[in-house]
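Chemist: For reference, the file data38.cif (mmCIF, C-alpha atoms and all ligand atoms) is included below:
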```cif
data_start
loop_
_atom_site.label_atom_id
_atom_site.label_comp_id
_atom_site.auth_asym_id
_atom_site.auth_seq_id
_atom_site.Cartn_x
_atom_site.Cartn_y
_atom_site.Cartn_z
CA MET A 1 0.00 0.00 0.00
CA ALA A 2 1.31 3.51 -0.82
CA ASP A 3 2.50 5.68 2.05
CA ALA A 4 -0.44 7.93 2.93
CA SER A 5 1.90 10.49 4.52
CA VAL A 6 3.45 11.41 1.14
CA ASN A 7 0.30 11.44 -0.99
CA PRO A 8 -2.27 14.10 -0.05
CA SER A 9 -5.10 12.31 -1.90
CA LEU A 10 -4.62 9.37 0.51
CA THR A 11 -4.67 11.55 3.64
CA PRO A 12 -8.04 12.54 5.15
CA GLN A 13 -8.46 16.29 5.56
CA PRO A 14 -10.23 17.89 8.54
CA GLY A 15 -13.90 18.62 7.94
CA HIS A 16 -14.11 16.36 4.88
CA LEU A 17 -16.64 13.58 4.35
CA TYR A 18 -15.31 10.66 2.27
CA VAL A 19 -17.92 8.56 0.46
CA VAL A 20 -16.04 5.27 0.18
CA ALA A 21 -17.02 2.34 -2.03
CA THR A 22 -16.34 -1.14 -0.67
CA PRO A 23 -16.36 -4.52 -2.48
CA ILE A 24 -19.62 -6.11 -3.67
CA GLY A 25 -18.26 -9.60 -3.11
CA ASN A 26 -14.61 -9.93 -4.07
CA LEU A 27 -12.57 -8.47 -1.23
CA ALA A 28 -9.70 -7.70 -3.60
CA ASP A 29 -11.90 -4.94 -5.04
CA LEU A 30 -11.20 -2.45 -2.25
CA THR A 31 -9.09 0.29 -3.84
CA GLU A 32 -5.75 1.44 -2.50
CA ARG A 33 -7.23 4.88 -1.85
CA ALA A 34 -10.21 3.41 0.02
CA ARG A 35 -7.83 1.45 2.26
CA ALA A 36 -5.75 4.53 3.00
CA ILE A 37 -8.78 6.69 3.79
CA LEU A 38 -10.55 4.01 5.87
CA GLY A 39 -7.33 3.40 7.76
CA SER A 40 -6.84 7.00 8.81
CA VAL A 41 -10.14 8.93 9.10
CA ASP A 42 -11.26 9.94 12.58
CA LEU A 43 -14.54 8.01 12.28
CA ILE A 44 -16.31 5.62 9.92
CA ALA A 45 -20.11 5.78 9.59
CA CYS A 46 -21.32 2.37 8.45
CA GLU A 47 -24.56 0.49 7.89
CA ASP A 48 -23.57 -2.45 10.06
CA THR A 49 -20.64 -2.18 12.44
CA ARG A 50 -20.03 -5.97 12.33
CA THR A 51 -19.82 -6.04 8.54
CA THR A 52 -17.50 -3.05 8.31
CA GLY A 53 -15.53 -4.25 11.35
CA GLY A 54 -14.93 -7.53 9.49
CA LEU A 55 -13.78 -5.69 6.37
CA LEU A 56 -11.35 -3.55 8.37
CA THR A 57 -9.97 -6.60 10.16
CA ARG A 58 -9.37 -8.26 6.77
CA TYR A 59 -7.06 -5.34 5.92
CA GLY A 60 -5.52 -5.03 9.37
CA LEU A 61 -7.23 -1.66 10.00
CA ARG A 62 -8.85 -0.39 13.20
CA ARG A 63 -11.04 2.71 13.42
CA ASP A 64 -13.94 4.03 15.48
CA LEU A 65 -17.25 3.03 13.90
CA ILE A 66 -20.72 4.52 14.23
CA ALA A 67 -23.92 2.92 12.93
CA TYR A 68 -25.61 4.93 10.18
CA HIS A 69 -28.48 3.09 8.53
CA ASP A 70 -32.03 3.41 7.17
CA HIS A 71 -33.53 3.63 10.67
CA ASN A 72 -31.34 6.39 12.17
CA GLU A 73 -30.15 8.19 9.02
CA ILE A 74 -31.95 11.48 9.60
CA GLU A 75 -30.79 11.99 13.19
CA VAL A 76 -27.25 10.62 12.77
CA ALA A 77 -26.64 12.63 9.57
CA GLU A 78 -26.98 15.88 11.52
CA ARG A 79 -24.76 14.65 14.36
CA LEU A 80 -22.07 13.59 11.90
CA ALA A 81 -22.31 16.93 10.08
CA ASP A 82 -21.76 18.63 13.47
CA GLN A 83 -18.59 16.59 13.97
CA LEU A 84 -17.36 17.42 10.47
CA ALA A 85 -18.05 21.10 11.09
CA ALA A 86 -15.92 20.77 14.25
CA GLY A 87 -12.99 19.54 12.12
CA LYS A 88 -13.25 15.74 12.18
CA SER A 89 -12.67 13.65 9.06
CA ILE A 90 -15.34 11.01 8.47
CA ALA A 91 -15.81 8.20 5.96
CA VAL A 92 -19.22 6.78 5.13
CA VAL A 93 -19.51 3.22 3.83
CA SER A 94 -22.39 0.83 3.26
CA ASP A 95 -22.36 -2.95 3.65
CA ALA A 96 -21.27 -3.35 0.03
CA GLY A 97 -20.67 -1.20 -3.02
CA THR A 98 -21.11 2.54 -3.30
CA PRO A 99 -22.89 4.40 -0.48
CA ALA A 100 -26.04 6.34 -1.48
CA ILE A 101 -26.69 3.99 -4.43
CA SER A 102 -29.74 2.09 -3.14
CA ASP A 103 -28.01 2.38 0.24
CA PRO A 104 -27.75 4.92 3.07
CA GLY A 105 -25.58 7.97 2.40
CA PHE A 106 -27.73 10.51 0.59
CA ARG A 107 -28.96 12.30 3.71
CA LEU A 108 -25.48 12.68 5.15
CA VAL A 109 -24.10 13.98 1.85
CA ARG A 110 -26.98 16.45 1.56
CA ALA A 111 -26.51 17.60 5.17
CA CYS A 112 -22.84 18.30 4.38
CA HIS A 113 -23.61 20.26 1.22
CA ARG A 114 -26.22 22.30 3.07
CA ARG A 115 -23.51 23.37 5.52
CA GLY A 116 -20.86 23.97 2.87
CA LEU A 117 -18.73 21.00 4.01
CA GLN A 118 -16.48 19.16 1.54
CA VAL A 119 -17.72 15.80 0.24
CA VAL A 120 -15.14 13.61 -1.51
CA PRO A 121 -16.02 10.45 -3.46
CA VAL A 122 -13.65 7.50 -3.18
CA PRO A 123 -15.08 5.43 -6.03
CA GLY A 124 -14.96 1.69 -6.47
CA ALA A 125 -17.37 -1.22 -6.80
CA CYS A 126 -20.99 -0.60 -7.70
CA ALA A 127 -23.17 -3.52 -8.83
CA VAL A 128 -25.09 -1.64 -11.53
CA ALA A 129 -21.93 -0.23 -13.13
CA ALA A 130 -20.18 -3.62 -13.00
CA VAL A 131 -23.10 -5.38 -14.70
CA LEU A 132 -23.63 -2.70 -17.34
CA SER A 133 -19.94 -2.76 -18.21
CA ALA A 134 -19.89 -6.52 -18.87
CA SER A 135 -23.39 -7.03 -20.31
CA GLY A 136 -23.05 -6.06 -23.96
CA LEU A 137 -26.34 -4.16 -23.68
CA PRO A 138 -26.31 -0.49 -24.75
CA THR A 139 -24.45 1.72 -22.27
CA ASN A 140 -24.58 5.05 -24.12
CA GLY A 141 -27.35 5.92 -21.66
CA PHE A 142 -29.27 4.08 -18.96
CA LEU A 143 -31.95 4.62 -16.36
CA PHE A 144 -31.11 3.14 -12.99
CA ALA A 145 -34.34 2.69 -11.03
CA GLY A 146 -32.95 0.93 -7.94
CA PHE A 147 -35.35 -1.59 -6.39
CA LEU A 148 -38.91 -1.71 -7.68
CA VAL A 149 -41.58 -1.80 -5.00
CA ALA A 150 -43.02 -5.23 -4.23
CA LYS A 151 -46.62 -4.51 -5.31
CA THR A 152 -47.47 -6.14 -8.64
CA ALA A 153 -49.54 -3.19 -9.89
CA ALA A 154 -46.67 -0.75 -9.39
CA ARG A 155 -44.19 -3.08 -11.08
CA THR A 156 -46.51 -3.53 -14.04
CA ALA A 157 -47.00 0.24 -14.26
CA PHE A 158 -43.20 0.71 -14.31
CA LEU A 159 -42.71 -1.77 -17.15
CA GLU A 160 -45.55 -0.24 -19.14
CA LYS A 161 -44.30 3.31 -18.59
CA TYR A 162 -40.79 2.46 -19.82
CA ARG A 163 -41.72 -0.08 -22.51
CA ASP A 164 -40.47 2.25 -25.28
CA PHE A 165 -37.71 3.97 -23.32
CA GLU A 166 -34.75 4.79 -25.57
CA PHE A 167 -32.01 3.72 -23.13
CA THR A 168 -31.23 0.59 -21.13
CA LEU A 169 -33.19 0.12 -17.88
CA ALA A 170 -31.19 -1.07 -14.86
CA LEU A 171 -32.72 -2.43 -11.66
CA TYR A 172 -31.80 -4.20 -8.47
CA GLU A 173 -34.01 -7.13 -7.51
CA SER A 174 -34.18 -9.34 -4.45
CA CYS A 175 -33.71 -13.10 -4.66
CA HIS A 176 -37.29 -13.48 -3.36
CA ARG A 177 -38.80 -11.79 -6.42
CA ILE A 178 -36.31 -12.35 -9.25
CA ASP A 179 -38.25 -15.33 -10.65
CA LYS A 180 -41.53 -13.40 -10.63
CA PHE A 181 -39.85 -10.37 -12.20
CA ALA A 182 -38.40 -12.42 -15.06
CA VAL A 183 -41.89 -13.76 -15.78
CA GLU A 184 -43.38 -10.23 -15.61
CA ILE A 185 -40.80 -8.89 -18.09
CA VAL A 186 -41.73 -11.57 -20.64
CA GLU A 187 -45.45 -10.93 -20.12
CA LYS A 188 -45.27 -7.13 -20.32
CA LEU A 189 -42.40 -6.53 -22.77
CA GLY A 190 -42.59 -9.69 -24.87
CA PRO A 191 -40.39 -12.79 -25.25
CA ASP A 192 -37.91 -11.18 -27.67
CA ARG A 193 -36.88 -8.19 -25.56
CA VAL A 194 -33.14 -8.42 -24.86
CA ILE A 195 -32.36 -8.56 -21.15
CA CYS A 196 -29.49 -9.42 -18.83
CA ILE A 197 -29.88 -10.95 -15.38
CA ALA A 198 -26.59 -10.99 -13.50
CA ARG A 199 -26.15 -12.91 -10.26
CA GLU A 200 -23.48 -12.84 -7.57
CA VAL A 201 -21.18 -10.55 -9.53
CA THR A 202 -17.49 -10.74 -8.49
CA LYS A 203 -18.31 -13.78 -6.33
CA LEU A 204 -17.74 -17.53 -6.76
CA HIS A 205 -21.07 -18.14 -8.49
CA GLU A 206 -21.03 -15.11 -10.78
CA THR A 207 -23.50 -15.70 -13.63
CA PHE A 208 -24.59 -13.51 -16.53
CA LEU A 209 -27.75 -14.60 -18.38
CA ILE A 210 -28.05 -12.50 -21.54
CA GLY A 211 -30.44 -12.85 -24.45
CA ARG A 212 -34.15 -13.01 -25.33
CA ALA A 213 -36.28 -12.42 -22.24
CA ALA A 214 -38.06 -15.78 -22.63
CA ASP A 215 -34.75 -17.67 -22.86
CA VAL A 216 -33.23 -15.80 -19.92
CA ARG A 217 -36.35 -16.51 -17.85
CA ASP A 218 -36.17 -20.24 -18.64
CA ARG A 219 -32.45 -20.44 -17.82
CA LEU A 220 -32.96 -18.46 -14.63
CA LEU A 221 -35.76 -20.73 -13.42
CA LYS A 222 -33.58 -23.82 -14.00
CA GLY A 223 -30.68 -22.48 -11.90
CA SER A 224 -30.15 -21.29 -8.34
CA LEU A 225 -32.19 -18.28 -7.27
CA LYS A 226 -29.98 -17.56 -4.26
CA GLY A 227 -27.83 -14.48 -4.00
CA GLU A 228 -27.91 -10.95 -5.37
CA PHE A 229 -29.26 -9.89 -8.75
CA VAL A 230 -29.09 -7.00 -11.19
CA VAL A 231 -31.54 -6.80 -14.10
CA LEU A 232 -30.94 -4.90 -17.34
CA ILE A 233 -33.59 -4.38 -20.03
CA ALA A 234 -32.36 -3.20 -23.45
CA PRO A 235 -34.29 -0.69 -25.57
CA ALA A 236 -37.05 -2.36 -27.62
CA ASP A 237 -35.19 -2.05 -30.96
CA PHE A 238 -31.91 -3.54 -29.69
CA VAL A 239 -30.66 -6.81 -31.16
CA LEU A 240 -27.66 -8.72 -29.83
N1 LIG B 301 -24.72 0.24 -2.91
C1 LIG B 301 -24.70 -1.00 -3.63
C2 LIG B 301 -24.02 -0.81 -4.99
O1 LIG B 301 -23.22 0.12 -5.12
O2 LIG B 301 -24.25 -1.59 -5.90
C3 LIG B 301 -26.10 -1.58 -3.75
C4 LIG B 301 -26.69 -1.96 -2.43
S1 LIG B 301 -28.31 -2.58 -2.56
C5 LIG B 301 -28.84 -2.57 -0.87
C6 LIG B 301 -28.04 -4.30 -2.74
C7 LIG B 301 -28.47 -4.79 -4.11
O3 LIG B 301 -27.45 -4.49 -5.07
C8 LIG B 301 -28.66 -6.30 -4.21
O4 LIG B 301 -29.96 -6.69 -3.78
C9 LIG B 301 -28.46 -6.55 -5.69
O5 LIG B 301 -29.62 -6.19 -6.41
C10 LIG B 301 -27.34 -5.55 -5.99
N2 LIG B 301 -26.04 -6.19 -5.77
C11 LIG B 301 -25.14 -5.89 -4.80
N3 LIG B 301 -24.07 -6.70 -4.91
C12 LIG B 301 -24.28 -7.51 -5.96
C13 LIG B 301 -23.54 -8.57 -6.57
N4 LIG B 301 -22.36 -8.93 -6.10
N5 LIG B 301 -24.09 -9.17 -7.65
C14 LIG B 301 -25.29 -8.79 -8.12
N6 LIG B 301 -26.03 -7.82 -7.59
C15 LIG B 301 -25.54 -7.19 -6.52
#
```
Show me, as structure tokens, the structure contained in the file I just sent.

Modeler:
Amino acid sequence: MADASVNPSLTPQPGHLYVVATPIGNLADLTERARAILGSVDLIACEDTRTTGGLLTRYGLRRDLIAYHDHNEIEVAERLADQLAAGKSIAVVSDAGTPAISDPGFRLVRACHRRGLQVVPVPGACAVAAVLSASGLPTNGFLFAGFLVAKTAARTAFLEKYRDFEFTLALYESCHRIDKFAVEIVEKLGPDRVICIAREVTKLHETFLIGRAADVRDRLLKGSLKGEFVVLIAPADFVL
């Protein structure tokens, strides 16, 4: 690892919030800069102190941790902004990937901007970017819609609204609904729509299913539905 003391971009500055991406599966995907920042900030705000504690241990790092998650985000964001304003350096991480992307982080970042505090991204793994980059579906533009709500009517409305969207659609989906979602895509957008369903990216069972929606659905339903999934839907006129 580079010596943080001779490289200012690896040295946390007082009053700065660092938004640090962590691996989405493969622990080798933590960047050198992320390691340096996580190893030397005054405080790390994290979704789950056990998960982040484990990551730090893996790299031989020890830092003070504070829980910052969906249930305390509003209150803790203001407290952390107070500490930043008092000159502390803080990193925010989520359990995996890039904070604030379908994960806590947005409220803290906004609280910092409202007070004129510096916010510094330390980029790295992000599931949607990883899947787009390796999918072969159009990447000149895309709409990332995060997780769809569970209600069938809302999911159907989403697919109908974006049926003729000119760019690729990108979504996160839970393992409990991925089978149903694949069936819904075929029903609402037709069997020939090109889609990609990626599972367990950067992990041992990484799988990319790419092709006609009906074929991808059939292959998905024959395999394991455990793990984490990203779904891409190509524009209607796209052919592989
Ligand atoms: N902040 C994260 C990021 O930058 O990608 C996303 C966190 S969100 C709570 C978790 C969802 O991201 C999962 O349910 C799945 O849809 C997607 N995801 C995260 N890691 C993944 C992986 N290794 N393979 C496939 N999808 C993944």

Chemist: Nearest residue to Ala67 of chain A out of A:Asn140, A:Ser89, A:Ser94, A:Thr11, using all atoms listed in the file?

Modeler: A:Ser94

Chemist: Ranking A:Tyr162, A:Phe238, A:Tyr18, A:Phe147 by minimum distance to ligand LIG 301 (chain B) and counting all atoms listed in the file, which one comes first?

Modeler: A:Phe147

Chemist: Contacts of Leu232 of chain A at 12 Å or less, counting only C-alpha atoms, minus same-chain residues fewer than 3 places along, as a PyMOL selection string?

Modeler: chain A and resi 127-139+142-146+167-173+181-182+185+193-199+208-213+216+229+235

Chemist: What is the atom CA of Pro99 of chain A to atom C4 of ligand LIG 301 (chain B) distance in Å?

Modeler: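 Rounded to one decimal, the two atoms are 7.7 Å apart.
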
Chemist: List the spatial neighbours of Leu225 of chain A as a PDB file with C-alpha atoms, keeping the file's coordinate frame - criterion: any atom at most 12 Å away, all atoms listed in the file, same-chain residues fewer than 2 positions off excluded.

Modeler:
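Contents of selection-v8.pdb, freshly written:
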```pdb
ATOM      1  CA  GLU A 173     -34.010  -7.130  -7.510  1.00  0.00           C
ATOM      2  CA  SER A 174     -34.180  -9.340  -4.450  1.00  0.00           C
ATOM      3  CA  CYS A 175     -33.710 -13.100  -4.660  1.00  0.00           C
ATOM      4  CA  HIS A 176     -37.290 -13.480  -3.360  1.00  0.00           C
ATOM      5  CA  ARG A 177     -38.800 -11.790  -6.420  1.00  0.00           C
ATOM      6  CA  ILE A 178     -36.310 -12.350  -9.250  1.00  0.00           C
ATOM      7  CA  ASP A 179     -38.250 -15.330 -10.650  1.00  0.00           C
ATOM      8  CA  LYS A 180     -41.530 -13.400 -10.630  1.00  0.00           C
ATOM      9  CA  ALA A 182     -38.400 -12.420 -15.060  1.00  0.00           C
ATOM     10  CA  ILE A 197     -29.880 -10.950 -15.380  1.00  0.00           C
ATOM     11  CA  ALA A 198     -26.590 -10.990 -13.500  1.00  0.00           C
ATOM     12  CA  ARG A 199     -26.150 -12.910 -10.260  1.00  0.00           C
ATOM     13  CA  GLU A 200     -23.480 -12.840  -7.570  1.00  0.00           C
ATOM     14  CA  HIS A 205     -21.070 -18.140  -8.490  1.00  0.00           C
ATOM     15  CA  THR A 207     -23.500 -15.700 -13.630  1.00  0.00           C
ATOM     16  CA  ARG A 217     -36.350 -16.510 -17.850  1.00  0.00           C
ATOM     17  CA  ARG A 219     -32.450 -20.440 -17.820  1.00  0.00           C
ATOM     18  CA  LEU A 220     -32.960 -18.460 -14.630  1.00  0.00           C
ATOM     19  CA  LEU A 221     -35.760 -20.730 -13.420  1.00  0.00           C
ATOM     20  CA  LYS A 222     -33.580 -23.820 -14.000  1.00  0.00           C
ATOM     21  CA  GLY A 223     -30.680 -22.480 -11.900  1.00  0.00           C
ATOM     22  CA  GLY A 227     -27.830 -14.480  -4.000  1.00  0.00           C
ATOM     23  CA  GLU A 228     -27.910 -10.950  -5.370  1.00  0.00           C
ATOM     24  CA  PHE A 229     -29.260  -9.890  -8.750  1.00  0.00           C
TER      25      PHE A 229
END
```

Chemist: Name the closest residue to ligand LIG 301 (chain B) among the candidates A:Thr52, A:Gln13, A:Ser40, A:Ser102; distances are taken between atoms, counting all atoms listed in the file.

Modeler: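 Comparing A:Thr52, A:Gln13, A:Ser40, A:Ser102 against ligand LIG 301 (chain B), the winner is A:Ser102.
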
Chemist: For Val93 of chain A, which residue out of A:Leu189, A:His71, A:Ala81, A:Asp48 is the nearest one, using only C-alpha atoms?

Modeler: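 Closest to Val93 of chain A, using only C-alpha atoms: A:Asp48.
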
Chemist: Find the distance between atom CA of Val20 of chain A and atom CA of Val149 of chain A and write it in Å to one decimal.

Modeler: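 Between these atoms lies a distance of 27.0 Å.
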
Chemist: Between A:Pro12, A:Phe165, A:His69, A:Arg115, which one has atoms that come closest to Ala85 of chain A, using only C-alpha atoms?

Modeler: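 The closest residue to Ala85 of chain A is A:Arg115.
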
Chemist: Please report the interatomic distance between atom O4 of ligand LIG 301 (chain B) and atom CA of Val186 of chain A in Å with one decimal.

Modeler: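 For atom O4 of ligand LIG 301 (chain B) relative to atom CA of Val186 of chain A, the distance reads 21.1 Å.
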
Chemist: With only C-alpha atoms as the atoms that count, which of A:Tyr59, A:Tyr68, A:Phe106, A:Phe158 lies nearest to Ala34 of chain A?

Modeler: A:Tyr59

Chemist: Residues within 9 Å of Leu27 of chain A, please, as a VMD selection string. Count all atoms listed in the file; anything in the same chain fewer than 4 positions from it doesn't count.

Modeler: chain A and resid 22 to 23 55 58

Chemist: Excluding Leu38 of chain A and any residue of its chain fewer than 5 positions from it, enumerate the residues within 9 Å of it, using only C-alpha atoms, and give them as a list in words.

Modeler: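 The residues satisfying every condition are Pro12, Tyr18, Val20, Arg33, Leu43, Ile44, Leu56, Leu61, Arg62, Arg63, Ile90 and Ala91 of chain A.
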
Chemist: What would segment 32-43 of chain A look like with all heavy atoms restored, written as a compact mmCIF listing (two decimals), keeping the file's coordinate frame?

Modeler:
```
# COMPACT_ATOMS: atom_id res chain seq x y z
N GLU A 32 -6.87 1.00 -3.35
CA GLU A 32 -5.75 1.44 -2.50
C GLU A 32 -6.14 2.73 -1.76
O GLU A 32 -5.84 2.90 -0.58
CB GLU A 32 -4.55 1.70 -3.40
CG GLU A 32 -3.33 2.16 -2.66
CD GLU A 32 -2.16 2.42 -3.59
OE1 GLU A 32 -2.15 1.92 -4.73
OE2 GLU A 32 -1.26 3.16 -3.17
N ARG A 33 -6.85 3.61 -2.48
CA ARG A 33 -7.23 4.88 -1.85
C ARG A 33 -8.27 4.64 -0.75
O ARG A 33 -8.20 5.25 0.33
CB ARG A 33 -7.78 5.81 -2.93
CG ARG A 33 -8.03 7.21 -2.46
CD ARG A 33 -8.17 8.14 -3.65
NE ARG A 33 -8.77 9.37 -3.23
CZ ARG A 33 -9.86 9.90 -3.78
NH1 ARG A 33 -10.46 9.32 -4.80
NH2 ARG A 33 -10.34 11.03 -3.31
N ALA A 34 -9.21 3.73 -1.01
CA ALA A 34 -10.21 3.41 0.02
C ALA A 34 -9.53 2.89 1.28
O ALA A 34 -9.88 3.27 2.40
CB ALA A 34 -11.20 2.39 -0.53
N ARG A 35 -8.55 2.01 1.09
CA ARG A 35 -7.83 1.45 2.26
C ARG A 35 -7.13 2.55 3.04
O ARG A 35 -7.17 2.58 4.27
CB ARG A 35 -6.81 0.42 1.80
CG ARG A 35 -7.48 -0.87 1.38
CD ARG A 35 -6.53 -1.77 0.64
NE ARG A 35 -5.47 -2.29 1.49
CZ ARG A 35 -4.64 -3.25 1.10
NH1 ARG A 35 -4.75 -3.77 -0.09
NH2 ARG A 35 -3.72 -3.69 1.92
N ALA A 36 -6.48 3.46 2.32
CA ALA A 36 -5.75 4.53 3.00
C ALA A 36 -6.72 5.44 3.77
O ALA A 36 -6.46 5.80 4.93
CB ALA A 36 -4.97 5.34 1.97
N ILE A 37 -7.83 5.79 3.13
CA ILE A 37 -8.78 6.69 3.79
C ILE A 37 -9.44 5.98 4.98
O ILE A 37 -9.52 6.53 6.09
CB ILE A 37 -9.85 7.19 2.78
CG1 ILE A 37 -9.20 8.07 1.70
CG2 ILE A 37 -10.99 7.91 3.49
CD1 ILE A 37 -8.66 9.40 2.19
N LEU A 38 -9.90 4.73 4.76
CA LEU A 38 -10.55 4.01 5.87
C LEU A 38 -9.59 3.76 7.02
O LEU A 38 -10.01 3.69 8.18
CB LEU A 38 -11.12 2.67 5.37
CG LEU A 38 -12.31 2.77 4.42
CD1 LEU A 38 -12.75 1.38 3.96
CD2 LEU A 38 -13.49 3.51 5.08
N GLY A 39 -8.31 3.66 6.71
CA GLY A 39 -7.33 3.40 7.76
C GLY A 39 -6.92 4.62 8.53
O GLY A 39 -6.22 4.50 9.55
N SER A 40 -7.36 5.82 8.11
CA SER A 40 -6.84 7.00 8.81
C SER A 40 -7.86 8.10 9.10
O SER A 40 -7.49 9.12 9.69
CB SER A 40 -5.64 7.57 8.02
OG SER A 40 -5.96 7.73 6.67
N VAL A 41 -9.14 7.92 8.69
CA VAL A 41 -10.14 8.93 9.10
C VAL A 41 -10.37 8.86 10.60
O VAL A 41 -10.06 7.86 11.25
CB VAL A 41 -11.52 8.72 8.38
CG1 VAL A 41 -11.55 9.29 6.99
CG2 VAL A 41 -11.93 7.27 8.42
N ASP A 42 -10.96 9.93 11.14
CA ASP A 42 -11.26 9.94 12.58
C ASP A 42 -12.38 8.96 12.92
O ASP A 42 -12.42 8.39 14.02
CB ASP A 42 -11.69 11.35 13.02
CG ASP A 42 -10.53 12.34 12.92
OD1 ASP A 42 -9.40 11.95 13.28
OD2 ASP A 42 -10.77 13.48 12.47
N LEU A 43 -13.33 8.79 11.98
CA LEU A 43 -14.54 8.01 12.28
C LEU A 43 -15.10 7.44 11.00
O LEU A 43 -15.05 8.10 9.94
CB LEU A 43 -15.57 8.97 12.91
CG LEU A 43 -16.91 8.43 13.35
CD1 LEU A 43 -16.72 7.43 14.51
CD2 LEU A 43 -17.81 9.59 13.82
```
